[in-house]
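A.B. asks: Just so it is clear, I am handing over entry-v8.cif, which has mmCIF, C-alpha atoms.
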data_start
#
loop_
_atom_site.group_PDB
_atom_site.id
_atom_site.type_symbol
_atom_site.label_atom_id
_atom_site.label_comp_id
_atom_site.auth_asym_id
_atom_site.auth_seq_id
_atom_site.Cartn_x
_atom_site.Cartn_y
_atom_site.Cartn_z
ATOM 1 C CA MET A 1 -5.420 12.937 -20.616
ATOM 2 C CA THR A 2 -8.833 11.314 -20.928
ATOM 3 C CA PRO A 3 -11.671 11.907 -18.482
ATOM 4 C CA ALA A 4 -11.292 8.287 -17.376
ATOM 5 C CA GLY A 5 -7.723 9.076 -16.357
ATOM 6 C CA ALA A 6 -8.942 11.949 -14.201
ATOM 7 C CA VAL A 7 -11.359 9.623 -12.434
ATOM 8 C CA VAL A 8 -8.534 7.212 -11.654
ATOM 9 C CA ARG A 9 -6.479 9.976 -10.084
ATOM 10 C CA ARG A 10 -9.386 11.199 -7.983
ATOM 11 C CA ASP A 11 -10.253 7.691 -6.823
ATOM 12 C CA THR A 12 -6.611 7.095 -5.915
ATOM 13 C CA LEU A 13 -6.592 10.268 -3.800
ATOM 14 C CA ARG A 14 -9.870 9.211 -2.238
ATOM 15 C CA ALA A 15 -8.337 5.858 -1.258
ATOM 16 C CA GLN A 16 -5.171 7.498 0.055
ATOM 17 C CA ILE A 17 -7.166 9.836 2.299
ATOM 18 C CA ALA A 18 -9.366 6.977 3.508
ATOM 19 C CA ASP A 19 -6.280 4.884 4.294
ATOM 20 C CA ALA A 20 -4.624 7.768 6.145
ATOM 21 C CA LEU A 21 -7.716 8.464 8.243
ATOM 22 C CA ARG A 22 -8.175 4.751 8.953
ATOM 23 C CA ASP A 23 -4.609 4.659 10.245
ATOM 24 C CA GLU A 24 -5.349 7.672 12.458
ATOM 25 C CA ILE A 25 -8.411 5.923 13.881
ATOM 26 C CA LEU A 26 -6.494 2.666 14.403
ATOM 27 C CA ALA A 27 -3.732 4.518 16.215
ATOM 28 C CA GLY A 28 -6.246 6.298 18.428
ATOM 29 C CA ARG A 29 -5.191 9.725 17.210
ATOM 30 C CA LEU A 30 -8.749 10.157 15.959
ATOM 31 C CA ALA A 31 -10.519 9.067 19.126
ATOM 32 C CA ALA A 32 -13.924 7.477 19.561
ATOM 33 C CA GLY A 33 -16.597 10.150 19.531
ATOM 34 C CA GLN A 34 -14.359 12.778 17.943
ATOM 35 C CA HIS A 35 -16.171 15.078 15.514
ATOM 36 C CA ILE A 36 -14.643 15.732 12.088
ATOM 37 C CA THR A 37 -15.785 17.668 9.031
ATOM 38 C CA VAL A 38 -14.972 17.590 5.339
ATOM 39 C CA GLY A 39 -13.518 21.098 5.546
ATOM 40 C CA GLU A 40 -11.193 20.254 8.430
ATOM 41 C CA ILE A 41 -9.805 17.159 6.705
ATOM 42 C CA ALA A 42 -9.474 18.916 3.339
ATOM 43 C CA GLU A 43 -7.463 21.704 4.982
ATOM 44 C CA GLN A 44 -5.338 19.223 6.937
ATOM 45 C CA TYR A 45 -4.331 17.291 3.819
ATOM 46 C CA GLY A 46 -4.293 20.257 1.462
ATOM 47 C CA VAL A 47 -6.802 18.785 -0.988
ATOM 48 C CA SER A 48 -10.217 19.670 -2.345
ATOM 49 C CA ALA A 49 -13.412 18.695 -0.578
ATOM 50 C CA THR A 50 -14.570 16.099 -3.133
ATOM 51 C CA PRO A 51 -12.067 13.263 -2.465
ATOM 52 C CA VAL A 52 -12.329 13.930 1.280
ATOM 53 C CA ARG A 53 -16.115 13.670 1.174
ATOM 54 C CA GLU A 54 -15.851 10.412 -0.772
ATOM 55 C CA ALA A 55 -13.243 9.029 1.650
ATOM 56 C CA LEU A 56 -15.458 9.835 4.641
ATOM 57 C CA VAL A 57 -18.390 8.107 2.961
ATOM 58 C CA ASP A 58 -16.194 5.033 2.469
ATOM 59 C CA LEU A 59 -15.116 4.996 6.128
ATOM 60 C CA SER A 60 -18.735 5.414 7.184
ATOM 61 C CA ALA A 61 -19.676 2.394 5.065
ATOM 62 C CA GLN A 62 -16.893 0.459 6.818
ATOM 63 C CA GLY A 63 -18.446 1.234 10.195
ATOM 64 C CA LEU A 64 -15.643 3.519 11.381
ATOM 65 C CA LEU A 65 -17.535 6.817 11.174
ATOM 66 C CA ASP A 66 -21.081 7.843 12.061
ATOM 67 C CA VAL A 67 -22.860 10.449 9.942
ATOM 68 C CA GLU A 68 -24.105 13.495 11.822
ATOM 69 C CA GLN A 69 -26.778 15.115 9.722
ATOM 70 C CA HIS A 70 -25.614 18.534 8.475
ATOM 71 C CA ARG A 71 -22.715 18.473 10.940
ATOM 72 C CA GLY A 72 -20.138 16.109 9.470
ATOM 73 C CA TYR A 73 -18.978 12.824 10.966
ATOM 74 C CA ARG A 74 -18.097 11.366 14.319
ATOM 75 C CA VAL A 75 -15.633 8.532 14.941
ATOM 76 C CA HIS A 76 -17.708 5.497 15.864
ATOM 77 C CA ALA A 77 -17.498 4.482 19.523
ATOM 78 C CA PHE A 78 -17.409 0.709 19.921
ATOM 79 C CA THR A 79 -18.377 -0.796 23.277
ATOM 80 C CA LEU A 80 -17.041 -3.735 25.246
ATOM 81 C CA ASP A 81 -20.153 -5.679 24.232
ATOM 82 C CA ASP A 82 -19.324 -4.874 20.601
ATOM 83 C CA PHE A 83 -15.825 -6.222 21.132
ATOM 84 C CA ARG A 84 -17.164 -9.425 22.697
ATOM 85 C CA ALA A 85 -19.554 -9.923 19.784
ATOM 86 C CA MET A 86 -16.821 -9.225 17.229
ATOM 87 C CA ALA A 87 -14.401 -11.597 18.929
ATOM 88 C CA ASP A 88 -17.090 -14.286 18.910
ATOM 89 C CA ALA A 89 -17.872 -13.711 15.228
ATOM 90 C CA ARG A 90 -14.171 -13.756 14.384
ATOM 91 C CA THR A 91 -13.705 -17.070 16.177
ATOM 92 C CA VAL A 92 -16.699 -18.714 14.496
ATOM 93 C CA VAL A 93 -15.609 -17.658 10.999
ATOM 94 C CA GLN A 94 -11.958 -18.551 11.560
ATOM 95 C CA MET A 95 -12.896 -21.997 12.832
ATOM 96 C CA GLY A 96 -15.172 -22.431 9.832
ATOM 97 C CA VAL A 97 -12.348 -21.477 7.499
ATOM 98 C CA PHE A 98 -10.046 -24.180 8.851
ATOM 99 C CA ARG A 99 -12.763 -26.818 8.886
ATOM 100 C CA ALA A 100 -14.372 -26.091 5.513
ATOM 101 C CA SER A 101 -11.201 -25.087 3.669
ATOM 102 C CA PRO A 102 -8.296 -26.602 5.600
ATOM 103 C CA PRO A 103 -4.755 -25.740 4.524
ATOM 104 C CA HIS A 104 -4.196 -29.049 2.718
ATOM 105 C CA THR A 105 -6.994 -28.192 0.240
ATOM 106 C CA VAL A 106 -5.553 -24.789 -0.587
ATOM 107 C CA ASP A 107 -3.386 -24.176 -3.611
ATOM 108 C CA PRO A 108 -1.655 -20.904 -2.669
ATOM 109 C CA LYS A 109 -0.105 -18.647 -5.232
ATOM 110 C CA PRO A 110 3.683 -18.739 -5.508
ATOM 111 C CA GLY A 111 5.220 -16.870 -2.630
ATOM 112 C CA ALA A 112 2.031 -16.816 -0.528
ATOM 113 C CA LEU A 113 3.461 -19.025 2.211
ATOM 114 C CA VAL A 114 6.682 -17.021 2.168
ATOM 115 C CA ALA A 115 4.702 -13.788 2.608
ATOM 116 C CA MET A 116 2.653 -15.328 5.409
ATOM 117 C CA ARG A 117 5.807 -16.390 7.251
ATOM 118 C CA ARG A 118 7.416 -12.963 6.784
ATOM 119 C CA ARG A 119 4.366 -11.126 8.150
ATOM 120 C CA GLY A 120 4.181 -13.597 11.031
ATOM 121 C CA GLU A 121 7.793 -12.977 11.971
ATOM 122 C CA GLU A 122 7.312 -9.215 11.825
ATOM 123 C CA ALA A 123 4.099 -9.307 13.875
ATOM 124 C CA GLU A 124 5.579 -11.618 16.502
ATOM 125 C CA ARG A 125 8.706 -9.472 16.782
ATOM 126 C CA ALA A 126 6.546 -6.373 17.368
ATOM 127 C CA ALA A 127 4.422 -8.249 19.942
ATOM 128 C CA LYS A 128 7.492 -9.338 21.904
ATOM 129 C CA ALA A 129 8.900 -5.807 21.781
ATOM 130 C CA GLY A 130 5.601 -4.337 22.980
ATOM 131 C CA ASP A 131 5.496 -2.004 19.951
ATOM 132 C CA LEU A 132 1.760 -1.467 19.581
ATOM 133 C CA ASP A 133 1.744 0.678 16.428
ATOM 134 C CA VAL A 134 3.982 -1.723 14.538
ATOM 135 C CA LEU A 135 2.053 -4.708 15.873
ATOM 136 C CA VAL A 136 -1.303 -3.394 14.634
ATOM 137 C CA HIS A 137 0.147 -2.775 11.176
ATOM 138 C CA TYR A 138 1.736 -6.196 10.784
ATOM 139 C CA ASP A 139 -0.992 -8.108 12.595
ATOM 140 C CA LEU A 140 -3.546 -6.894 10.053
ATOM 141 C CA ARG A 141 -1.240 -7.853 7.197
ATOM 142 C CA PHE A 142 -0.488 -11.215 8.805
ATOM 143 C CA TRP A 143 -4.119 -12.270 9.090
ATOM 144 C CA ARG A 144 -4.835 -10.890 5.621
ATOM 145 C CA GLU A 145 -2.118 -13.165 4.241
ATOM 146 C CA ILE A 146 -3.606 -16.170 6.037
ATOM 147 C CA THR A 147 -7.216 -15.637 4.977
ATOM 148 C CA SER A 148 -6.128 -14.916 1.396
ATOM 149 C CA LEU A 149 -4.850 -18.512 1.178
ATOM 150 C CA ILE A 150 -8.407 -19.812 0.929
ATOM 151 C CA GLY A 151 -9.143 -17.617 -2.075
ATOM 152 C CA ASN A 152 -12.505 -16.316 -0.812
ATOM 153 C CA ASP A 153 -12.620 -12.525 -1.007
ATOM 154 C CA TYR A 154 -15.885 -12.322 0.960
ATOM 155 C CA ILE A 155 -14.391 -14.080 3.975
ATOM 156 C CA THR A 156 -11.156 -12.097 3.716
ATOM 157 C CA GLU A 157 -13.060 -8.796 3.589
ATOM 158 C CA PHE A 158 -15.326 -9.738 6.519
ATOM 159 C CA LEU A 159 -12.455 -10.808 8.777
ATOM 160 C CA GLU A 160 -10.437 -7.724 7.828
ATOM 161 C CA ARG A 161 -13.335 -5.465 8.788
ATOM 162 C CA VAL A 162 -13.919 -7.237 12.104
ATOM 163 C CA ARG A 163 -10.219 -7.222 12.930
ATOM 164 C CA ILE A 164 -9.944 -3.478 12.244
ATOM 165 C CA HIS A 165 -12.967 -2.815 14.462
ATOM 166 C CA CYS A 166 -11.455 -4.928 17.236
ATOM 167 C CA TRP A 167 -8.186 -3.017 17.084
ATOM 168 C CA VAL A 168 -9.983 0.348 17.037
ATOM 169 C CA PHE A 169 -11.699 -0.531 20.313
ATOM 170 C CA ALA A 170 -8.663 -2.201 21.894
ATOM 171 C CA VAL A 171 -5.870 0.266 21.056
ATOM 172 C CA PRO A 172 -6.803 2.993 23.594
ATOM 173 C CA TYR A 173 -6.770 0.382 26.377
ATOM 174 C CA LEU A 174 -3.594 -1.272 25.124
ATOM 175 C CA ARG A 175 -1.802 2.059 24.701
ATOM 176 C CA GLY A 176 -1.357 2.591 28.427
ATOM 177 C CA GLU A 177 -0.458 -1.047 28.962
ATOM 178 C CA SER A 178 2.196 -1.087 26.236
ATOM 179 C CA GLU A 179 3.735 2.189 27.400
ATOM 180 C CA GLY A 180 4.365 0.450 30.709
ATOM 181 C CA CYS A 181 6.425 -2.156 28.821
ATOM 182 C CA VAL A 182 4.577 -5.017 30.495
ATOM 183 C CA PRO A 183 6.183 -8.280 29.274
ATOM 184 C CA GLY A 184 3.889 -10.774 27.604
ATOM 185 C CA THR A 185 0.985 -8.363 27.173
ATOM 186 C CA PHE A 186 0.435 -9.105 23.504
ATOM 187 C CA TRP A 187 -0.258 -12.470 21.937
ATOM 188 C CA GLN A 188 2.924 -13.871 20.384
ATOM 189 C CA GLY A 189 1.795 -17.063 18.649
ATOM 190 C CA HIS A 190 1.973 -15.872 15.058
ATOM 191 C CA MET A 191 4.707 -18.298 14.068
ATOM 192 C CA GLN A 192 2.948 -21.202 15.786
ATOM 193 C CA LEU A 193 0.025 -20.639 13.442
ATOM 194 C CA VAL A 194 2.294 -20.314 10.422
ATOM 195 C CA GLU A 195 4.013 -23.587 11.252
ATOM 196 C CA ALA A 196 0.687 -25.379 11.794
ATOM 197 C CA ILE A 197 -0.549 -24.205 8.388
ATOM 198 C CA GLU A 198 2.702 -25.187 6.697
ATOM 199 C CA ARG A 199 2.387 -28.666 8.280
ATOM 200 C CA ARG A 200 -1.252 -28.727 7.176
ATOM 201 C CA ASP A 201 -2.179 -29.506 10.752
ATOM 202 C CA VAL A 202 -5.766 -28.269 10.992
ATOM 203 C CA ALA A 203 -6.247 -29.262 14.646
ATOM 204 C CA ALA A 204 -3.111 -27.384 15.711
ATOM 205 C CA ALA A 205 -4.117 -24.314 13.673
ATOM 206 C CA GLU A 206 -7.560 -24.280 15.286
ATOM 207 C CA GLU A 207 -6.033 -24.507 18.763
ATOM 208 C CA VAL A 208 -3.699 -21.589 18.071
ATOM 209 C CA VAL A 209 -6.617 -19.483 16.839
ATOM 210 C CA ARG A 210 -8.724 -20.393 19.881
ATOM 211 C CA THR A 211 -5.837 -19.431 22.147
ATOM 212 C CA TYR A 212 -5.386 -16.132 20.328
ATOM 213 C CA ASN A 213 -9.055 -15.168 20.557
ATOM 214 C CA ARG A 214 -9.291 -16.224 24.215
ATOM 215 C CA HIS A 215 -6.170 -14.212 25.077
ATOM 216 C CA SER A 216 -7.486 -11.131 23.259
ATOM 217 C CA LEU A 217 -10.882 -11.256 24.935
ATOM 218 C CA GLU A 218 -9.528 -11.832 28.444
ATOM 219 C CA LEU A 219 -6.946 -9.054 28.068
ATOM 220 C CA ILE A 220 -9.397 -6.447 26.794
ATOM 221 C CA GLU A 221 -12.065 -7.372 29.334
ATOM 222 C CA ARG A 222 -9.492 -6.888 32.076
ATOM 223 C CA LEU A 223 -8.236 -3.553 30.742
ATOM 224 C CA ALA A 224 -11.743 -2.265 30.007
ATOM 225 C CA GLY A 225 -12.908 -3.196 33.479
ATOM 226 C CA GLY A 226 -15.212 -5.936 32.241
#
Go ahead and render the structure in this file as structure tokens.
C.D. replies:
Amino acid sequence: MTPAGAVVRRDTLRAQIADALRDEILAGRLAAGQHITVGEIAEQYGVSATPVREALVDLSAQGLLDVEQHRGYRVHAFTLDDFRAMADARTVVQMGVFRASPPHTVDPKPGALVAMRRRGEEAERAAKAGDLDVLVHYDLRFWREITSLIGNDYITEFLERVRIHCWVFAVPYLRGESEGCVPGTFWQGHMQLVEAIERRDVAAAEEVVRTYNRHSLELIERLAGG
């Protein structure tokens, strides 16, 4: 095995640890403000310190962890004002996407629309069932499928980052709400957006996105006491 092969394996482990910890943060199992160290994570996953240290650096660069000098890391604590700002940024960029690169100008790869519809169905089903963990997973994949249609990796990466941050802040508030099985808590318009894009109806797609962002902001402001 060449040294290059060893690097690939280490980088893969680094990514796997980063993904696992990101999922823990998204689920709220690693809570805002919680302190973690390289040693603790290495012991938890049964790996050496190097890929863990690299994974934590990656998550810090993504804005999910704060570095505590000589002490390790702390899960970043987003505020309601952060959420408002992120929701606003998300809306502005999403509106810009539909106006500057509307669906009728996009030449999606084979199967892209099929994948978008599948993720939309899965996300909407989870929203109607009030299954928060499943919803977060498929909602992220759903919006990733949509933004990938425009073929701009910078926009896709930005919206993915903002969406993850929004979920990280929202999940602890939504957890109690979803456990109460409150009907209609979560936005359920995924398929409306899919159908608007498939019809190449930019105005309808924009309206769905506006409704989604308004619903999200009003819900979280209510739950967070804003």
A.B. asks: With all atoms listed in the file as the atoms that count, which of A:Ala31, A:Ala204, A:Ile41, A:Ile220 lies nearest to Gly72 of chain A?
C.D. replies: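 Among A:Ala31, A:Ala204, A:Ile41, A:Ile220, it is A:Ile41 that comes nearest to Gly72 of chain A.
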A.B. asks: Measure the distance from atom CA of Thr79 of chain A to atom CA of Ile25 of chain A in Å and round it to one decimal.
C.D. replies: 15.3 Å
A.B. asks: For segment 126-139 of chain A, please output as an MDAnalysis selection string all residues within 12 Å (counting only C-alpha atoms; exclusion window: fewer than 2 positions along the same chain).
C.D. replies: chainID A and resid 22:29 115:124 141:146 160 163:168 170:191 212
A.B. asks: For Gly39 of chain A, please output as a ChimeraX atom specification all residues within 12 Å (counting only C-alpha atoms; exclusion window: fewer than 4 positions along the same chain).
C.D. replies: /A:35,43-53,56,71-73
A.B. asks: I need every residue sitting at most 9 Å from the point (-22.9, 5.8, 15.1) (coordinates as in the file, only C-alpha atoms considered), written as an MDAnalysis selection string.
C.D. replies: chainID A and resid 33 60 63:68 74:78
A.B. asks: Rank nothing, just name the residue among A:Ala18, A:Ala55, A:Ala89, A:Leu30 nearest to Leu159 of chain A, using all atoms listed in the file.
C.D. replies: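 Closest candidate: A:Ala89.
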A.B. asks: From the list A:Ala196, A:Glu54, A:Phe158, A:Asn213, which residue is nearest Ile17 of chain A when using all atoms listed in the file?
C.D. replies: A:Glu54
A.B. asks: Go through A:Val92, A:Asp82, A:Val162, A:Ser216 and flag the residue nearest Gln62 of chain A, using all atoms listed in the file for the distances.
C.D. replies: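 Distance minimum relative to Gln62 of chain A lands on A:Val162.
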A.B. asks: Box for segment 151-158 of chain A - axis-aligned, 6 Å on each of the six sides, all listed atoms - centre and size in Å to one decimal, as AutoDock Vina command-line options.
C.D. replies:
--center_x -12.5 --center_y -13.2 --center_z 2.2 --size_x 18.7 --size_y 20.8 --size_z 20.6
A.B. asks: I'd like the interatomic distance between atom CA of Arg199 of chain A and atom CA of Met86 of chain A, to a tenth of an Å.
C.D. replies: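 It comes out at 28.8 Å.
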A.B. asks: Quick one, how far is atom CA of Leu59 of chain A from atom CA of Thr156 of chain A?
C.D. replies: 17.7 Å
A.B. asks: Taking into account only C-alpha atoms, which residue in the set A:Val209, A:Ile197, A:Leu219, A:Ala20 is nearest to Leu113 of chain A?
C.D. replies: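 Closest residue, counting only C-alpha atoms: A:Ile197.
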A.B. asks: How would you write as a PyMOL selection string the residues that get within 12 Å of (-7.6, -25.9, 13.9) in the file's frame, counting all atoms listed in the file?
C.D. replies: chain A and resi 91-103+192-194+196-197+199-212
A.B. asks: Give the answer as one residue: which of A:Ala224, A:Leu217, A:Leu21, A:Ile36 has the shortest atom-to-atom distance to Arg84 of chain A, using only C-alpha atoms?
C.D. replies: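 Counting only C-alpha atoms, the residue closest to Arg84 of chain A is A:Leu217.
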